[in-house]
Amino acid sequence: MTNTSQFERLIRARISTRAFLDTPVSTSDISELLDTARWAASGGNLQPWKVYVVAGDARQRVIDAVRAKIEANPFEDENAFGAYPPKLWEPYRSRRFELGEAMYETLGIPREAKAERLGWMLKNFEFFDAPVGLFFTLDERMNANQWAHLGMFMMALMLAAEDKGLATCAQEAWMTRCKTVGETLGIAGNERVYCGMALGYADKDAAVNSLRSSRVPIEDFAVFDGF
């Protein structure tokens, strides 16, 4: 491909990074990312999102609180709705399954190694060792449209990070412990914690960061009419 734009390079380079260095990220760098992301599209200019940024002791408090809840009740789900619809149908079920298997293959964890797979999944709740975590919330009175606006804001933030040489991983796993996160950080009860995000510098030597998920061709999702 020739004459690739900077934007195209960024969006193709962005991945869900799952191994980070312990290199700190400055408050000023994070503020710059948020300052860029706040210009994301927002219907009616509601700008409905809130962001809670944790590092250091605050980050560890969240990790410890969630770990304690998992140890007490590993299968509890504090969220009112799941990350995916129940009984996910095709082709979405296969896409999700194939990505998971590709990740574990990259990590060298076979299917029968259930404990190792679970241990890896629990690293979500440590931000994959990233030094910074972010949590995104919406007022519970918002509707599905505002969830879409939040998604655009998050994507803008991830691309801004990529542009600055930083890496991210949006983590819906935190949804299952949304109440614990909210209580630990003193988030108001009317705010619904959607998900977390790991932020830091990618460990480029980590095998898991070599994983690149596939994308379906445009004819699988786009309909052109009148051309």
# chains A, B, ... in the order shown; residues from 1 in each chain; ligands from 1
call {"tool": "residues_around", "arguments": {"residues": "Ala206 of chain A", "least_positions_apart": "2", "cutoff": "9 Å", "atoms": "only C-alpha atoms", "output": "list of chain:residue names"}}
result
A:Arg18, A:Ala19, A:Phe20, A:Ala202, A:Asp203, A:Lys204, A:Val208, A:Asn209, A:Ser210
call {"tool": "write_last_selection", "arguments": {"atoms": "all heavy atoms", "output": "PDB file, in the first residue's frame"}}
result
ATOM      1  N   ARG A  18      -1.597  -6.217  25.663  1.00  0.00           N
ATOM      2  CA  ARG A  18      -1.835  -7.017  26.862  1.00  0.00           C
ATOM      3  C   ARG A  18      -0.557  -7.320  27.634  1.00  0.00           C
ATOM      4  O   ARG A  18      -0.518  -8.234  28.457  1.00  0.00           O
ATOM      5  CB  ARG A  18      -2.556  -8.316  26.485  1.00  0.00           C
ATOM      6  CG  ARG A  18      -3.971  -8.087  25.935  1.00  0.00           C
ATOM      7  CD  ARG A  18      -4.662  -9.401  25.651  1.00  0.00           C
ATOM      8  NE  ARG A  18      -6.037  -9.203  25.225  1.00  0.00           N
ATOM      9  CZ  ARG A  18      -6.433  -9.044  23.959  1.00  0.00           C
ATOM     10  NH1 ARG A  18      -5.511  -9.042  22.980  1.00  0.00           N
ATOM     11  NH2 ARG A  18      -7.710  -8.880  23.649  1.00  0.00           N
ATOM     12  N   ALA A  19       0.473  -6.545  27.398  1.00  0.00           N
ATOM     13  CA  ALA A  19       1.696  -6.632  28.203  1.00  0.00           C
ATOM     14  C   ALA A  19       2.366  -5.255  28.146  1.00  0.00           C
ATOM     15  O   ALA A  19       2.622  -4.741  27.049  1.00  0.00           O
ATOM     16  CB  ALA A  19       2.629  -7.709  27.679  1.00  0.00           C
ATOM     17  N   PHE A  20       2.609  -4.690  29.307  1.00  0.00           N
ATOM     18  CA  PHE A  20       3.130  -3.331  29.398  1.00  0.00           C
ATOM     19  C   PHE A  20       4.438  -3.299  30.186  1.00  0.00           C
ATOM     20  O   PHE A  20       4.680  -4.148  31.050  1.00  0.00           O
ATOM     21  CB  PHE A  20       2.123  -2.423  30.096  1.00  0.00           C
ATOM     22  CG  PHE A  20       0.886  -2.125  29.292  1.00  0.00           C
ATOM     23  CD1 PHE A  20      -0.173  -3.019  29.282  1.00  0.00           C
ATOM     24  CD2 PHE A  20       0.778  -0.951  28.558  1.00  0.00           C
ATOM     25  CE1 PHE A  20      -1.329  -2.755  28.543  1.00  0.00           C
ATOM     26  CE2 PHE A  20      -0.365  -0.680  27.823  1.00  0.00           C
ATOM     27  CZ  PHE A  20      -1.419  -1.583  27.823  1.00  0.00           C
ATOM     28  N   ALA A 202       4.005  -0.212  25.615  1.00  0.00           N
ATOM     29  CA  ALA A 202       3.920  -1.639  25.293  1.00  0.00           C
ATOM     30  C   ALA A 202       5.254  -2.335  25.504  1.00  0.00           C
ATOM     31  O   ALA A 202       6.326  -1.783  25.216  1.00  0.00           O
ATOM     32  CB  ALA A 202       3.474  -1.817  23.844  1.00  0.00           C
ATOM     33  N   ASP A 203       5.179  -3.552  26.027  1.00  0.00           N
ATOM     34  CA  ASP A 203       6.341  -4.428  26.069  1.00  0.00           C
ATOM     35  C   ASP A 203       6.429  -5.101  24.707  1.00  0.00           C
ATOM     36  O   ASP A 203       5.727  -6.072  24.425  1.00  0.00           O
ATOM     37  CB  ASP A 203       6.176  -5.466  27.185  1.00  0.00           C
ATOM     38  CG  ASP A 203       7.381  -6.404  27.290  1.00  0.00           C
ATOM     39  OD1 ASP A 203       8.265  -6.343  26.412  1.00  0.00           O
ATOM     40  OD2 ASP A 203       7.424  -7.200  28.246  1.00  0.00           O
ATOM     41  N   LYS A 204       7.277  -4.580  23.864  1.00  0.00           N
ATOM     42  CA  LYS A 204       7.336  -5.054  22.487  1.00  0.00           C
ATOM     43  C   LYS A 204       7.955  -6.441  22.354  1.00  0.00           C
ATOM     44  O   LYS A 204       7.867  -7.068  21.293  1.00  0.00           O
ATOM     45  CB  LYS A 204       8.090  -4.045  21.627  1.00  0.00           C
ATOM     46  CG  LYS A 204       7.374  -2.698  21.545  1.00  0.00           C
ATOM     47  CD  LYS A 204       8.089  -1.712  20.644  1.00  0.00           C
ATOM     48  CE  LYS A 204       7.317  -0.391  20.587  1.00  0.00           C
ATOM     49  NZ  LYS A 204       7.985   0.623  19.733  1.00  0.00           N
ATOM     50  N   VAL A 208       2.447 -11.892  23.364  1.00  0.00           N
ATOM     51  CA  VAL A 208       1.026 -11.579  23.204  1.00  0.00           C
ATOM     52  C   VAL A 208       0.814 -10.305  22.402  1.00  0.00           C
ATOM     53  O   VAL A 208      -0.226 -10.151  21.735  1.00  0.00           O
ATOM     54  CB  VAL A 208       0.342 -11.481  24.589  1.00  0.00           C
ATOM     55  CG1 VAL A 208       0.802 -10.235  25.357  1.00  0.00           C
ATOM     56  CG2 VAL A 208      -1.171 -11.521  24.452  1.00  0.00           C
ATOM     57  N   ASN A 209       1.779  -9.412  22.413  1.00  0.00           N
ATOM     58  CA  ASN A 209       1.627  -8.166  21.670  1.00  0.00           C
ATOM     59  C   ASN A 209       1.933  -8.308  20.182  1.00  0.00           C
ATOM     60  O   ASN A 209       1.823  -7.337  19.428  1.00  0.00           O
ATOM     61  CB  ASN A 209       2.497  -7.062  22.281  1.00  0.00           C
ATOM     62  CG  ASN A 209       1.948  -6.571  23.605  1.00  0.00           C
ATOM     63  OD1 ASN A 209       0.760  -6.721  23.888  1.00  0.00           O
ATOM     64  ND2 ASN A 209       2.811  -5.995  24.427  1.00  0.00           N
ATOM     65  N   SER A 210       2.275  -9.525  19.770  1.00  0.00           N
ATOM     66  CA  SER A 210       2.431  -9.790  18.335  1.00  0.00           C
ATOM     67  C   SER A 210       1.105 -10.173  17.700  1.00  0.00           C
ATOM     68  O   SER A 210       0.995 -10.256  16.469  1.00  0.00           O
ATOM     69  CB  SER A 210       3.453 -10.909  18.108  1.00  0.00           C
ATOM     70  OG  SER A 210       2.957 -12.150  18.586  1.00  0.00           O
TER      71      SER A 210
END
call {"tool": "residues_around", "arguments": {"residues": "segment 102-104 of chain A", "least_positions_apart": "2", "cutoff": "12 Å", "atoms": "only C-alpha atoms", "output": "VMD selection string"}}
result
chain A and resid 16 to 18 94 to 100 106 to 114 116 to 121 207 to 214
call {"tool": "select_by_dssp", "arguments": {"residues": "segment 32-216 of chain A", "states": "alpha helix (DSSP H)", "output": "ChimeraX atom specification"}}
result
/A:32-37,56-72,92-107,114-122,144-163,178-185
call {"tool": "residues_around", "arguments": {"residues": "segment 73-82 of chain A", "least_positions_apart": "6", "cutoff": "8 Å", "atoms": "only C-alpha atoms", "output": "VMD selection string"}}
result
chain A and resid 175 to 179
call {"tool": "closest_atom_pairs", "arguments": {"of": "segment 145-207 of chain A", "to": "segment 36-48 of chain A", "cutoff": "7 Å", "atoms": "only C-alpha atoms", "output": "JSON lines"}}
result
{"residue": "A:Gln146", "atom": "CA", "partner": "A:Pro48", "partner_atom": "CA", "distance": 6.6}
{"residue": "A:His149", "atom": "CA", "partner": "A:Ser42", "partner_atom": "CA", "distance": 5.3}
{"residue": "A:Met152", "atom": "CA", "partner": "A:Ala40", "partner_atom": "CA", "distance": 6.2}
{"residue": "A:Phe153", "atom": "CA", "partner": "A:Ala40", "partner_atom": "CA", "distance": 5.2}
{"residue": "A:Ala156", "atom": "CA", "partner": "A:Ala37", "partner_atom": "CA", "distance": 4.9}
{"residue": "A:Leu157", "atom": "CA", "partner": "A:Ala37", "partner_atom": "CA", "distance": 4.8}
{"residue": "A:Ala160", "atom": "CA", "partner": "A:Thr36", "partner_atom": "CA", "distance": 6.8}
call {"tool": "write_last_selection", "arguments": {"atoms": "all heavy atoms", "output": "PDB file, in the first residue's frame"}}
result
ATOM      1  N   GLN A 146     -26.012   7.654  23.886  1.00  0.00           N
ATOM      2  CA  GLN A 146     -24.867   8.187  24.606  1.00  0.00           C
ATOM      3  C   GLN A 146     -23.771   7.135  24.815  1.00  0.00           C
ATOM      4  O   GLN A 146     -22.597   7.472  24.922  1.00  0.00           O
ATOM      5  CB  GLN A 146     -25.305   8.781  25.955  1.00  0.00           C
ATOM      6  CG  GLN A 146     -25.997  10.138  25.825  1.00  0.00           C
ATOM      7  CD  GLN A 146     -27.406  10.022  25.283  1.00  0.00           C
ATOM      8  OE1 GLN A 146     -28.238   9.330  25.864  1.00  0.00           O
ATOM      9  NE2 GLN A 146     -27.678  10.699  24.182  1.00  0.00           N
ATOM     10  N   HIS A 149     -21.700   7.546  21.913  1.00  0.00           N
ATOM     11  CA  HIS A 149     -20.834   8.728  22.022  1.00  0.00           C
ATOM     12  C   HIS A 149     -19.610   8.409  22.878  1.00  0.00           C
ATOM     13  O   HIS A 149     -18.492   8.838  22.569  1.00  0.00           O
ATOM     14  CB  HIS A 149     -21.606   9.899  22.652  1.00  0.00           C
ATOM     15  CG  HIS A 149     -22.887  10.215  21.940  1.00  0.00           C
ATOM     16  ND1 HIS A 149     -23.875  10.997  22.507  1.00  0.00           N
ATOM     17  CD2 HIS A 149     -23.349   9.857  20.716  1.00  0.00           C
ATOM     18  CE1 HIS A 149     -24.888  11.106  21.662  1.00  0.00           C
ATOM     19  NE2 HIS A 149     -24.584  10.419  20.571  1.00  0.00           N
ATOM     20  N   MET A 152     -17.072   6.560  20.856  1.00  0.00           N
ATOM     21  CA  MET A 152     -16.286   7.421  19.963  1.00  0.00           C
ATOM     22  C   MET A 152     -15.205   8.162  20.743  1.00  0.00           C
ATOM     23  O   MET A 152     -14.077   8.338  20.262  1.00  0.00           O
ATOM     24  CB  MET A 152     -17.219   8.382  19.238  1.00  0.00           C
ATOM     25  CG  MET A 152     -18.108   7.701  18.215  1.00  0.00           C
ATOM     26  SD  MET A 152     -19.085   8.821  17.187  1.00  0.00           S
ATOM     27  CE  MET A 152     -20.386   9.312  18.337  1.00  0.00           C
ATOM     28  N   PHE A 153     -15.546   8.598  21.950  1.00  0.00           N
ATOM     29  CA  PHE A 153     -14.567   9.264  22.801  1.00  0.00           C
ATOM     30  C   PHE A 153     -13.414   8.322  23.142  1.00  0.00           C
ATOM     31  O   PHE A 153     -12.232   8.702  23.072  1.00  0.00           O
ATOM     32  CB  PHE A 153     -15.252   9.753  24.081  1.00  0.00           C
ATOM     33  CG  PHE A 153     -14.297  10.258  25.125  1.00  0.00           C
ATOM     34  CD1 PHE A 153     -13.745  11.518  25.027  1.00  0.00           C
ATOM     35  CD2 PHE A 153     -13.965   9.463  26.212  1.00  0.00           C
ATOM     36  CE1 PHE A 153     -12.860  11.984  25.995  1.00  0.00           C
ATOM     37  CE2 PHE A 153     -13.081   9.914  27.180  1.00  0.00           C
ATOM     38  CZ  PHE A 153     -12.533  11.190  27.072  1.00  0.00           C
ATOM     39  N   ALA A 156     -11.154   7.815  20.146  1.00  0.00           N
ATOM     40  CA  ALA A 156     -10.317   8.990  19.945  1.00  0.00           C
ATOM     41  C   ALA A 156      -9.150   8.979  20.924  1.00  0.00           C
ATOM     42  O   ALA A 156      -8.007   9.307  20.565  1.00  0.00           O
ATOM     43  CB  ALA A 156     -11.146  10.265  20.114  1.00  0.00           C
ATOM     44  N   LEU A 157      -9.423   8.574  22.159  1.00  0.00           N
ATOM     45  CA  LEU A 157      -8.368   8.515  23.168  1.00  0.00           C
ATOM     46  C   LEU A 157      -7.315   7.468  22.805  1.00  0.00           C
ATOM     47  O   LEU A 157      -6.103   7.715  22.927  1.00  0.00           O
ATOM     48  CB  LEU A 157      -8.992   8.202  24.530  1.00  0.00           C
ATOM     49  CG  LEU A 157      -8.039   8.040  25.711  1.00  0.00           C
ATOM     50  CD1 LEU A 157      -7.245   9.317  25.946  1.00  0.00           C
ATOM     51  CD2 LEU A 157      -8.816   7.663  26.962  1.00  0.00           C
ATOM     52  N   ALA A 160      -5.197   8.786  19.989  1.00  0.00           N
ATOM     53  CA  ALA A 160      -4.311   9.841  20.487  1.00  0.00           C
ATOM     54  C   ALA A 160      -3.123   9.221  21.212  1.00  0.00           C
ATOM     55  O   ALA A 160      -1.977   9.672  21.075  1.00  0.00           O
ATOM     56  CB  ALA A 160      -5.073  10.781  21.416  1.00  0.00           C
TER      57      ALA A 160
END
call {"tool": "select_by_dssp", "arguments": {"residues": "segment 67-221 of chain A", "states": "strand (DSSP E or B)", "output": "list of chain:residue names"}}
result
A:Val132, A:Gly133, A:Leu134, A:Phe135, A:Phe136, A:Thr137, A:Leu138, A:Asp139, A:Ala167, A:Thr168, A:Cys169, A:Ala170, A:Gln171, A:Glu191, A:Arg192, A:Val193, A:Tyr194, A:Cys195, A:Gly196, A:Met197, A:Ala198, A:Leu199, A:Gly200, A:Ala202
call {"tool": "atom_distance", "arguments": {"atom1": "atom CA of Lys123 of chain A", "atom2": "atom CA of Val66 of chain A"}}
result
11.6 Å
call {"tool": "closest_residue", "arguments": {"among": "A:Glu172, A:Asp205, A:Asp35, A:Asp163", "to": "Leu134 of chain A", "atoms": "only C-alpha atoms"}}
result
A:Glu172
call {"tool": "atom_distance", "arguments": {"atom1": "atom CA of Lys164 of chain A", "atom2": "atom CA of Asn3 of chain A"}}
result
21.2 Å
call {"tool": "residues_around", "arguments": {"residues": "Ala167 of chain A", "least_positions_apart": "6", "cutoff": "6 Å", "atoms": "only C-alpha atoms", "output": "list in words"}}
result
Leu199, Gly200, Tyr201 and Ala202 of chain A
call {"tool": "write_last_selection", "arguments": {"atoms": "N, CA and C atoms", "output": "PDB file, in the first residue's frame"}}
result
ATOM      1  N   LEU A 199      -3.289   1.750  30.150  1.00  0.00           N
ATOM      2  CA  LEU A 199      -2.527   2.754  29.401  1.00  0.00           C
ATOM      3  C   LEU A 199      -1.080   2.726  29.847  1.00  0.00           C
ATOM      4  N   GLY A 200      -0.182   2.674  28.890  1.00  0.00           N
ATOM      5  CA  GLY A 200       1.235   2.693  29.216  1.00  0.00           C
ATOM      6  C   GLY A 200       2.061   2.462  27.964  1.00  0.00           C
ATOM      7  N   TYR A 201       3.281   2.000  28.178  1.00  0.00           N
ATOM      8  CA  TYR A 201       4.172   1.700  27.064  1.00  0.00           C
ATOM      9  C   TYR A 201       4.190   0.188  26.843  1.00  0.00           C
ATOM     10  N   ALA A 202       4.005  -0.212  25.615  1.00  0.00           N
ATOM     11  CA  ALA A 202       3.920  -1.639  25.293  1.00  0.00           C
ATOM     12  C   ALA A 202       5.254  -2.335  25.504  1.00  0.00           C
TER      13      ALA A 202
END
call {"tool": "closest_residue", "arguments": {"among": "A:Gln6, A:Phe221, A:Val216, A:Gly56", "to": "Pro131 of chain A", "atoms": "only C-alpha atoms"}}
result
A:Gly56
call {"tool": "closest_residue", "arguments": {"among": "A:Ala58, A:Ile63, A:Ile218, A:Val53", "to": "Glu126 of chain A", "atoms": "only C-alpha atoms"}}
result
A:Ile63
call {"tool": "closest_residue", "arguments": {"among": "A:Leu138, A:Ala130, A:Leu150, A:Leu88", "to": "Ile187 of chain A", "atoms": "only C-alpha atoms"}}
result
A:Leu138
call {"tool": "residues_around", "arguments": {"residues": "Val62 of chain A", "least_positions_apart": "3", "cutoff": "9 Å", "atoms": "only C-alpha atoms", "output": "list in words"}}
result
Val54, Asp57, Ala58, Arg59, Ala65, Val66, Arg67, Phe125, Glu126, Thr180, Val181, Thr184 and Leu185 of chain A
call {"tool": "write_last_selection", "arguments": {"atoms": "N, CA and C atoms", "output": "PDB file, in the first residue's frame"}}
result
ATOM      1  N   VAL A  54      -6.409   6.333  37.263  1.00  0.00           N
ATOM      2  CA  VAL A  54      -5.764   5.836  38.481  1.00  0.00           C
ATOM      3  C   VAL A  54      -4.331   5.407  38.193  1.00  0.00           C
ATOM      4  N   ASP A  57      -0.981   4.376  44.242  1.00  0.00           N
ATOM      5  CA  ASP A  57      -1.778   3.775  45.315  1.00  0.00           C
ATOM      6  C   ASP A  57      -3.240   3.602  44.915  1.00  0.00           C
ATOM      7  N   ALA A  58      -3.786   4.558  44.160  1.00  0.00           N
ATOM      8  CA  ALA A  58      -5.194   4.462  43.742  1.00  0.00           C
ATOM      9  C   ALA A  58      -5.400   3.265  42.830  1.00  0.00           C
ATOM     10  N   ARG A  59      -4.487   3.070  41.929  1.00  0.00           N
ATOM     11  CA  ARG A  59      -4.558   1.910  41.031  1.00  0.00           C
ATOM     12  C   ARG A  59      -4.505   0.622  41.843  1.00  0.00           C
ATOM     13  N   ALA A  65      -9.091  -4.408  45.796  1.00  0.00           N
ATOM     14  CA  ALA A  65     -10.513  -4.544  46.108  1.00  0.00           C
ATOM     15  C   ALA A  65     -11.184  -5.560  45.195  1.00  0.00           C
ATOM     16  N   VAL A  66     -10.864  -5.506  43.921  1.00  0.00           N
ATOM     17  CA  VAL A  66     -11.465  -6.449  42.970  1.00  0.00           C
ATOM     18  C   VAL A  66     -10.926  -7.856  43.198  1.00  0.00           C
ATOM     19  N   ARG A  67      -9.636  -7.967  43.482  1.00  0.00           N
ATOM     20  CA  ARG A  67      -9.074  -9.292  43.762  1.00  0.00           C
ATOM     21  C   ARG A  67      -9.775  -9.941  44.951  1.00  0.00           C
ATOM     22  N   PHE A 125      -7.589  -7.725  35.484  1.00  0.00           N
ATOM     23  CA  PHE A 125      -7.856  -6.972  36.697  1.00  0.00           C
ATOM     24  C   PHE A 125      -6.588  -6.453  37.368  1.00  0.00           C
ATOM     25  N   GLU A 126      -5.495  -6.511  36.621  1.00  0.00           N
ATOM     26  CA  GLU A 126      -4.244  -5.871  37.016  1.00  0.00           C
ATOM     27  C   GLU A 126      -3.783  -4.907  35.923  1.00  0.00           C
ATOM     28  N   THR A 180     -17.815  -2.669  42.629  1.00  0.00           N
ATOM     29  CA  THR A 180     -16.622  -2.623  43.472  1.00  0.00           C
ATOM     30  C   THR A 180     -15.710  -1.487  43.053  1.00  0.00           C
ATOM     31  N   VAL A 181     -15.530  -1.312  41.744  1.00  0.00           N
ATOM     32  CA  VAL A 181     -14.719  -0.202  41.248  1.00  0.00           C
ATOM     33  C   VAL A 181     -15.317   1.126  41.686  1.00  0.00           C
ATOM     34  N   THR A 184     -14.861   1.724  45.440  1.00  0.00           N
ATOM     35  CA  THR A 184     -13.468   1.950  45.794  1.00  0.00           C
ATOM     36  C   THR A 184     -13.012   3.351  45.421  1.00  0.00           C
ATOM     37  N   LEU A 185     -13.486   3.849  44.294  1.00  0.00           N
ATOM     38  CA  LEU A 185     -13.065   5.170  43.813  1.00  0.00           C
ATOM     39  C   LEU A 185     -14.015   6.282  44.222  1.00  0.00           C
TER      40      LEU A 185
END
call {"tool": "atom_distance", "arguments": {"atom1": "atom CA of Met142 of chain A", "atom2": "atom CA of Lys69 of chain A"}}
result
28.0 Å
call {"tool": "closest_residue", "arguments": {"among": "A:Glu140, A:Tyr92, A:Trp174, A:Val132", "to": "Arg192 of chain A", "atoms": "only C-alpha atoms"}}
result
A:Glu140
